[in-house]
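Enquirer: A single structure is presented below for examination.
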Amino acid sequence: MNDTFLRACQGQHTEYTPVWLMRQAGRYMPEYRAIRSHVDFLTLCKTPDLAAQVTMQPVEMLGVDAAILFSDILVPLEPMGMRLEFYEKEGPVLSEPIRSKSDVERLIIPDIEADLPFVMEIIRILRKELADKVPLIGFSGAPFTLATYMIEGGTSKNFLNTKKLMFQHSNVFDYLMEKLSVTVTAYLSSQIRAGAQAVQLFDTWAGILTPMDYKRFVLPYVKKVISEIKKEGVPVIYFANECAGILKDIKKLKADVVGVDWRIELSDAIKKLGKNAVVQGNLDPCALFLTRENLEERVKDILWKGESAKSHIFNLGHGILPHTPVENVIAMVEAVHYYSRNA
Ligand code: CP3
């Protein structure tokens, strides 16, 4: 197996910089769209054969150094008692949002193996298929990002309902974060036991908070989740979007790898995290629409800036966008491998 990604997660020297992409399986790929034309998104997530097939598409087409389980961060919210739907234009909708103490009380802590058996099944299928290829990454939404979807009922612009609950009923907000932390810990542990060789926590919305609120309402919960998960013995990656203002706090989480978005120079992020940090990132997903030459320049720049870290895993600064030209993604992966080998 190509274990370059796993060795980089552990801070070891690798012959070249490993690369994978957040949301590497998805609508920009014609092969993904072909499968999606027959099934809706949630059915795809719950059909192990198909989800495994979709996970393999970028591994085969792009030559990336890791696979990521095909699922969605919102999938565990269903067994918690929430109604989840995905719409073409709006994205995810949770039609009965959490706004009060009794709403939080009603939330169930799922029995992962019994309620989400398809996730473990996808992982088991994938480990067999990936045996001589690349490692498999499992994932979960981080408690705060899941809380925003539960409270807002979907994606939001100002996250006013989330902040109102946080500021006006902090005990209720804490109670929700507590329940989510227990769920996320159990969910990731189960994924690791089923065969996930690394896990990533997606804290997509952490950057909407003031650093002070991040410290008070998010940090203690993620810290606990990460310290529990680390006992399972696989690398833990923490990705927070718009992380620049909270990197000093993220350092305290002691994640094995810190994912960095594109709004900060990777070298500046490393200065804030310290030279012993292992970082992942941070190409602007829109850079995949540049000319080949300009794209390669940006790849080289990020590789160069990543050199001051203990190890660097190349990735985008956030998920790949629909309509991204597949040939540019292939060129990017090749450029990462070529220029990091020949630096
Ligand atoms: O990375 C991978 O290839 C694995 C699969 C994966 C998906 N979602 C598939 C997906 C992962 C890791 C996610 C994580 C996820 N989901 C996050 C965190 C990462 C991030 O992007 O910030 C979030 C916030 C979600 C919630 C979510 N799921 C939204 C907001 C949407 C709608 C917006 C969109 O991009 O369509 C989804 C749907 C979704 N999740 C799709 C895919 C491939 C598109 C669904 C489709 O096929 O129509």
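How things are named: the first chain in the structure tokens is A, the next is B, and so on; residues count from 1 in each chain; ligands count from 1 in the order shown.
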Counting only C-alpha atoms and all ligand atoms, what are the residues, protein, DNA or RNA alike, that approach ligand 1 to within 6 Å? I want them as a list in words.

Expert: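 The distance check yields Met22, Arg23, Gln24, Ala25, Gly26, Arg27, Phe41, Ile68, Leu69, Phe70, Ser71, Asp72, Ile73, Gly91, Pro92, Phe202, Thr204 and Gly319 of chain A.
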
Enquirer: Using all heavy atoms, can you write the selected residues to a file as a compact mmCIF listing (two decimals), in the first residue's frame?

Expert:
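Saved file part_26.txt follows:
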```
# COMPACT_ATOMS: atom_id res chain seq x y z
N MET A 22 -10.43 17.59 -0.41
CA MET A 22 -11.71 17.57 0.29
C MET A 22 -12.82 17.55 -0.76
O MET A 22 -12.76 18.29 -1.74
CB MET A 22 -11.83 18.79 1.20
CG MET A 22 -10.91 18.66 2.42
SD MET A 22 -11.23 19.89 3.67
CE MET A 22 -10.23 21.22 3.06
N ARG A 23 -13.80 16.68 -0.56
CA ARG A 23 -14.91 16.46 -1.48
C ARG A 23 -14.43 15.92 -2.82
O ARG A 23 -14.98 16.29 -3.87
CB ARG A 23 -15.69 17.77 -1.73
CG ARG A 23 -16.34 18.36 -0.51
CD ARG A 23 -17.67 17.69 -0.23
NE ARG A 23 -18.48 18.46 0.68
CZ ARG A 23 -19.53 19.19 0.32
NH1 ARG A 23 -19.91 19.24 -0.93
NH2 ARG A 23 -20.21 19.84 1.22
N GLN A 24 -13.39 15.07 -2.77
CA GLN A 24 -12.82 14.60 -4.04
C GLN A 24 -13.79 13.73 -4.85
O GLN A 24 -13.63 13.61 -6.06
CB GLN A 24 -11.49 13.88 -3.80
CG GLN A 24 -11.54 12.62 -2.97
CD GLN A 24 -10.13 12.12 -2.62
OE1 GLN A 24 -9.14 12.82 -2.77
NE2 GLN A 24 -10.02 10.89 -2.14
N ALA A 25 -14.77 13.12 -4.18
CA ALA A 25 -15.83 12.43 -4.92
C ALA A 25 -17.01 13.38 -4.99
O ALA A 25 -17.46 13.87 -3.98
CB ALA A 25 -16.22 11.15 -4.18
N GLY A 26 -17.48 13.66 -6.17
CA GLY A 26 -18.61 14.59 -6.25
C GLY A 26 -18.97 14.99 -7.65
O GLY A 26 -18.49 14.41 -8.62
N ARG A 27 -19.81 16.01 -7.72
CA ARG A 27 -20.48 16.35 -8.98
C ARG A 27 -19.59 16.82 -10.11
O ARG A 27 -20.00 16.84 -11.25
CB ARG A 27 -21.55 17.41 -8.71
CG ARG A 27 -22.79 16.83 -8.07
CD ARG A 27 -23.57 17.92 -7.40
NE ARG A 27 -22.75 18.55 -6.37
CZ ARG A 27 -23.16 19.54 -5.59
NH1 ARG A 27 -24.36 20.03 -5.75
NH2 ARG A 27 -22.37 20.03 -4.66
N PHE A 41 -29.17 11.65 -3.28
CA PHE A 41 -27.91 11.71 -2.53
C PHE A 41 -27.92 10.86 -1.25
O PHE A 41 -26.98 10.11 -0.99
CB PHE A 41 -27.59 13.17 -2.21
CG PHE A 41 -26.37 13.34 -1.37
CD1 PHE A 41 -25.12 12.94 -1.83
CD2 PHE A 41 -26.46 13.88 -0.10
CE1 PHE A 41 -23.98 13.08 -1.05
CE2 PHE A 41 -25.33 14.03 0.69
CZ PHE A 41 -24.08 13.63 0.22
N ILE A 68 -11.29 9.07 0.78
CA ILE A 68 -12.14 9.49 1.90
C ILE A 68 -13.52 8.86 1.73
O ILE A 68 -14.10 8.92 0.64
CB ILE A 68 -12.20 11.03 2.08
CG1 ILE A 68 -13.10 11.39 3.29
CG2 ILE A 68 -12.63 11.75 0.80
CD1 ILE A 68 -12.92 12.78 3.84
N LEU A 69 -13.95 8.25 2.81
CA LEU A 69 -15.27 7.63 2.88
C LEU A 69 -16.33 8.52 2.23
O LEU A 69 -16.37 9.72 2.49
CB LEU A 69 -15.59 7.46 4.38
CG LEU A 69 -17.04 7.23 4.79
CD1 LEU A 69 -17.46 5.83 4.39
CD2 LEU A 69 -17.20 7.43 6.28
N PHE A 70 -17.17 7.96 1.40
CA PHE A 70 -18.26 8.75 0.83
C PHE A 70 -19.47 8.70 1.75
O PHE A 70 -20.05 7.64 1.99
CB PHE A 70 -18.66 8.28 -0.57
CG PHE A 70 -19.61 9.25 -1.20
CD1 PHE A 70 -19.15 10.40 -1.81
CD2 PHE A 70 -20.98 9.07 -1.08
CE1 PHE A 70 -20.02 11.34 -2.34
CE2 PHE A 70 -21.86 10.01 -1.61
CZ PHE A 70 -21.39 11.14 -2.24
N SER A 71 -19.82 9.86 2.27
CA SER A 71 -20.97 10.01 3.15
C SER A 71 -21.22 11.50 3.28
O SER A 71 -20.79 12.26 2.43
CB SER A 71 -20.68 9.38 4.52
OG SER A 71 -21.86 9.40 5.30
N ASP A 72 -21.88 11.93 4.32
CA ASP A 72 -22.04 13.36 4.56
C ASP A 72 -21.99 13.61 6.06
O ASP A 72 -22.42 12.75 6.85
CB ASP A 72 -23.35 13.89 3.99
CG ASP A 72 -23.32 15.41 3.91
OD1 ASP A 72 -22.79 15.94 2.92
OD2 ASP A 72 -23.78 16.06 4.86
N ILE A 73 -21.52 14.80 6.45
CA ILE A 73 -21.43 15.07 7.89
C ILE A 73 -22.80 15.07 8.57
O ILE A 73 -22.89 14.91 9.78
CB ILE A 73 -20.70 16.41 8.21
CG1 ILE A 73 -21.42 17.60 7.56
CG2 ILE A 73 -19.24 16.38 7.79
CD1 ILE A 73 -21.03 18.94 8.18
N GLY A 91 -29.48 22.85 -0.83
CA GLY A 91 -28.59 22.00 -0.04
C GLY A 91 -29.38 21.32 1.05
O GLY A 91 -30.58 21.08 0.90
N PRO A 92 -28.73 21.05 2.20
CA PRO A 92 -29.42 20.28 3.24
C PRO A 92 -30.47 21.09 4.00
O PRO A 92 -30.28 22.28 4.23
CB PRO A 92 -28.28 19.89 4.20
CG PRO A 92 -27.19 20.86 3.93
CD PRO A 92 -27.35 21.37 2.54
N PHE A 202 -14.49 17.85 10.38
CA PHE A 202 -14.78 19.04 9.57
C PHE A 202 -15.46 20.07 10.46
O PHE A 202 -16.59 19.89 10.88
CB PHE A 202 -15.74 18.68 8.43
CG PHE A 202 -15.10 17.97 7.27
CD1 PHE A 202 -15.10 16.59 7.19
CD2 PHE A 202 -14.51 18.68 6.22
CE1 PHE A 202 -14.54 15.93 6.10
CE2 PHE A 202 -13.95 18.02 5.14
CZ PHE A 202 -13.96 16.66 5.07
N THR A 204 -16.44 23.22 9.55
CA THR A 204 -16.65 24.15 8.44
C THR A 204 -17.01 25.57 8.90
O THR A 204 -16.59 26.54 8.29
CB THR A 204 -17.77 23.60 7.54
OG1 THR A 204 -17.41 22.28 7.16
CG2 THR A 204 -17.98 24.45 6.31
N GLY A 319 -13.64 22.39 0.11
CA GLY A 319 -14.07 21.37 -0.84
C GLY A 319 -13.97 21.81 -2.30
O GLY A 319 -14.12 22.99 -2.62
```

Enquirer: Please, which residues of stretch 81-204 of chain A, numbered as in this document, come out alpha helix (DSSP H) from DSSP, as a ChimeraX atom specification?

Expert: /A:101-106,112-115,117-130,143-152,160-168,170-194

Enquirer: Just give me the gap between atom CA of A:Val75 and atom CA of A:Asp40 in Å, one decimal is fine.

Expert: 13.7 Å

Enquirer: So which one's closest to A:Val64, A:Asn315, A:Ser181, A:Asn282, A:Asn241? Using only C-alpha atoms, please.

Expert: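 Closest to A:Val64, using only C-alpha atoms: A:Asn315.
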
Enquirer: Which residues are near stretch 102-119 of chain A? Cut-off 10 Å, only C-alpha atoms, ignore same chain within fewer than 3 positions. Put them as number ranges by chain.

Expert: A: 45-49, 51-52, 69-71, 75-82, 96-99, 122-124, 138, 150-151, 172-173, 175-177, 179-184, 186-191, 194

Enquirer: When DSSP works through the backbone of this structure, what residues of stretch 97-229 of chain A end up as strand (DSSP E), shown as a VMD selection string?

Expert: chain A and resid 136 to 141 198 to 203

Enquirer: Just write the chosen residues, N, CA and C atoms, as a CSV table (one decimal), in the first residue's frame.

Expert:
```
chain,number,residue,atom,x,y,z
A,136,LEU,N,-7.5,4.8,3.9
A,136,LEU,CA,-8.9,5.3,3.9
A,136,LEU,C,-9.1,6.2,5.1
A,137,ILE,N,-9.6,7.4,4.8
A,137,ILE,CA,-9.9,8.4,5.8
A,137,ILE,C,-11.4,8.4,6.1
A,138,GLY,N,-11.7,8.3,7.4
A,138,GLY,CA,-13.1,8.4,7.9
A,138,GLY,C,-13.3,9.8,8.3
A,139,PHE,N,-14.5,10.3,8.5
A,139,PHE,CA,-14.7,11.6,9.0
A,139,PHE,C,-16.0,11.8,9.7
A,140,SER,N,-16.1,13.0,10.4
A,140,SER,CA,-17.3,13.4,11.0
A,140,SER,C,-17.3,14.9,11.0
A,141,GLY,N,-18.5,15.5,11.1
A,141,GLY,CA,-18.6,16.9,11.3
A,141,GLY,C,-18.1,17.1,12.8
A,198,ALA,N,-7.4,6.9,9.2
A,198,ALA,CA,-7.2,8.3,9.7
A,198,ALA,C,-8.6,8.9,9.8
A,199,VAL,N,-8.8,9.9,10.6
A,199,VAL,CA,-10.1,10.5,10.6
A,199,VAL,C,-9.9,12.0,10.5
A,200,GLN,N,-10.9,12.7,9.8
A,200,GLN,CA,-10.9,14.1,9.8
A,200,GLN,C,-12.2,14.7,10.4
A,201,LEU,N,-12.0,15.7,11.2
A,201,LEU,CA,-13.1,16.4,11.8
A,201,LEU,C,-13.3,17.7,11.0
A,202,PHE,N,-14.5,17.8,10.4
A,202,PHE,CA,-14.8,19.0,9.6
A,202,PHE,C,-15.5,20.1,10.5
A,203,ASP,N,-14.8,21.2,10.7
A,203,ASP,CA,-15.4,22.3,11.5
A,203,ASP,C,-15.6,23.5,10.5
```

Enquirer: Take atom CA of A:Lys223 and atom CA of A:Tyr238 and report the distance between them in Å, one decimal.

Expert: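 About the pair atom CA of A:Lys223 and atom CA of A:Tyr238: they are 10.4 Å apart.
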
Enquirer: Would you mind listing what lies within 6 Å of stretch 251-259 of chain A as a ChimeraX atom specification, with only C-alpha atoms counted and same-chain residues fewer than 6 positions away left out?

Expert: /A:223,235-239,273,278-281

Enquirer: I'd like the neighbourhood of A:Phe144 as a ChimeraX atom specification, where a residue qualifies if any of its atoms comes within 8 Å (using only C-alpha atoms), though same-chain residues fewer than 3 positions away should be ignored.

Expert: /A:147-148,177,203,205-206,218

Enquirer: For A:Ile320, list every protein, DNA or RNA residue within 12 Å, evaluated using only C-alpha atoms, and leave out those in the same chain fewer than 2 positions away; present the list as a VMD selection string.

Expert: chain A and resid 20 to 29 58 282 to 289 315 to 318 322 to 326 328 to 329

Enquirer: Keeping only N, CA, C and O atoms, write those residues as a compact mmCIF listing (two decimals), in the first residue's frame.

Expert:
```
# COMPACT_ATOMS: atom_id res chain seq x y z
N TRP A 20 -4.54 14.73 -1.31
CA TRP A 20 -5.93 14.30 -1.55
C TRP A 20 -6.76 15.58 -1.54
O TRP A 20 -6.23 16.66 -1.24
N LEU A 21 -8.03 15.49 -1.88
CA LEU A 21 -8.84 16.71 -1.98
C LEU A 21 -10.12 16.56 -1.17
O LEU A 21 -10.81 15.54 -1.27
N MET A 22 -10.43 17.59 -0.41
CA MET A 22 -11.71 17.57 0.29
C MET A 22 -12.82 17.55 -0.76
O MET A 22 -12.76 18.29 -1.74
N ARG A 23 -13.80 16.68 -0.56
CA ARG A 23 -14.91 16.46 -1.48
C ARG A 23 -14.43 15.92 -2.82
O ARG A 23 -14.98 16.29 -3.87
N GLN A 24 -13.39 15.07 -2.77
CA GLN A 24 -12.82 14.60 -4.04
C GLN A 24 -13.79 13.73 -4.85
O GLN A 24 -13.63 13.61 -6.06
N ALA A 25 -14.77 13.12 -4.18
CA ALA A 25 -15.83 12.43 -4.92
C ALA A 25 -17.01 13.38 -4.99
O ALA A 25 -17.46 13.87 -3.98
N GLY A 26 -17.48 13.66 -6.17
CA GLY A 26 -18.61 14.59 -6.25
C GLY A 26 -18.97 14.99 -7.65
O GLY A 26 -18.49 14.41 -8.62
N ARG A 27 -19.81 16.01 -7.72
CA ARG A 27 -20.48 16.35 -8.98
C ARG A 27 -19.59 16.82 -10.11
O ARG A 27 -20.00 16.84 -11.25
N TYR A 28 -18.34 17.23 -9.81
CA TYR A 28 -17.47 17.66 -10.92
C TYR A 28 -17.08 16.47 -11.80
O TYR A 28 -16.61 16.64 -12.90
N MET A 29 -17.28 15.23 -11.26
CA MET A 29 -16.89 14.04 -12.01
C MET A 29 -18.07 13.45 -12.79
O MET A 29 -19.09 13.12 -12.18
N PRO A 58 -12.31 8.92 -7.48
CA PRO A 58 -11.15 9.82 -7.51
C PRO A 58 -9.82 9.08 -7.30
O PRO A 58 -8.78 9.53 -7.79
N ASN A 282 -3.21 24.19 1.00
CA ASN A 282 -4.34 25.05 1.19
C ASN A 282 -4.63 25.84 -0.10
O ASN A 282 -4.83 27.04 -0.06
N LEU A 283 -4.73 25.11 -1.21
CA LEU A 283 -4.99 25.73 -2.51
C LEU A 283 -6.45 26.22 -2.57
O LEU A 283 -7.37 25.48 -2.23
N ASP A 284 -6.62 27.45 -3.02
CA ASP A 284 -7.96 27.98 -3.27
C ASP A 284 -8.65 27.07 -4.30
O ASP A 284 -8.12 26.87 -5.40
N PRO A 285 -9.81 26.50 -3.97
CA PRO A 285 -10.49 25.61 -4.93
C PRO A 285 -10.71 26.26 -6.30
O PRO A 285 -10.73 25.59 -7.32
N CYS A 286 -10.83 27.58 -6.32
CA CYS A 286 -11.03 28.30 -7.60
C CYS A 286 -9.76 28.30 -8.44
O CYS A 286 -9.83 28.55 -9.65
N ALA A 287 -8.61 28.05 -7.83
CA ALA A 287 -7.35 28.00 -8.59
C ALA A 287 -7.38 26.88 -9.63
O ALA A 287 -6.62 26.90 -10.59
N LEU A 288 -8.27 25.91 -9.43
CA LEU A 288 -8.39 24.81 -10.40
C LEU A 288 -9.05 25.27 -11.70
O LEU A 288 -9.18 24.50 -12.64
N PHE A 289 -9.44 26.53 -11.74
CA PHE A 289 -9.99 27.10 -12.98
C PHE A 289 -8.95 27.96 -13.70
O PHE A 289 -9.23 28.57 -14.73
N ASN A 315 -3.62 19.73 -0.09
CA ASN A 315 -5.07 19.61 -0.22
C ASN A 315 -5.58 20.95 -0.71
O ASN A 315 -4.81 21.91 -0.83
N LEU A 316 -6.86 21.04 -0.96
CA LEU A 316 -7.47 22.34 -1.21
C LEU A 316 -7.72 23.00 0.14
O LEU A 316 -7.69 22.35 1.17
N GLY A 317 -8.02 24.31 0.10
CA GLY A 317 -8.36 25.01 1.34
C GLY A 317 -9.80 24.80 1.76
O GLY A 317 -10.21 25.20 2.86
N HIS A 318 -10.60 24.19 0.89
CA HIS A 318 -11.97 23.78 1.21
C HIS A 318 -12.38 22.82 0.11
O HIS A 318 -11.57 22.49 -0.76
N PRO A 322 -18.31 22.09 -7.77
CA PRO A 322 -18.90 21.49 -8.98
C PRO A 322 -18.39 22.29 -10.19
O PRO A 322 -18.02 23.46 -10.03
N HIS A 323 -18.36 21.71 -11.35
CA HIS A 323 -17.89 22.34 -12.59
C HIS A 323 -16.37 22.44 -12.70
O HIS A 323 -15.84 22.93 -13.70
N THR A 324 -15.63 22.01 -11.68
CA THR A 324 -14.16 22.02 -11.78
C THR A 324 -13.74 21.08 -12.91
O THR A 324 -14.19 19.93 -12.95
N PRO A 325 -12.88 21.54 -13.83
CA PRO A 325 -12.45 20.64 -14.92
C PRO A 325 -11.56 19.51 -14.38
O PRO A 325 -10.53 19.76 -13.77
N VAL A 326 -12.00 18.28 -14.64
CA VAL A 326 -11.29 17.11 -14.09
C VAL A 326 -9.83 17.09 -14.55
O VAL A 326 -8.93 16.76 -13.76
N ASN A 328 -7.82 19.48 -14.99
CA ASN A 328 -7.00 20.37 -14.16
C ASN A 328 -6.70 19.75 -12.80
O ASN A 328 -5.64 19.98 -12.23
N VAL A 329 -7.65 18.97 -12.30
CA VAL A 329 -7.42 18.31 -11.01
C VAL A 329 -6.31 17.26 -11.17
O VAL A 329 -5.41 17.16 -10.34
```

Enquirer: Give me, please, the distance in Å between atom CA of A:His312 and atom CA of A:Asn342, quoted to one decimal.

Expert: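 Going from atom CA of A:His312 over to atom CA of A:Asn342 covers 15.4 Å.
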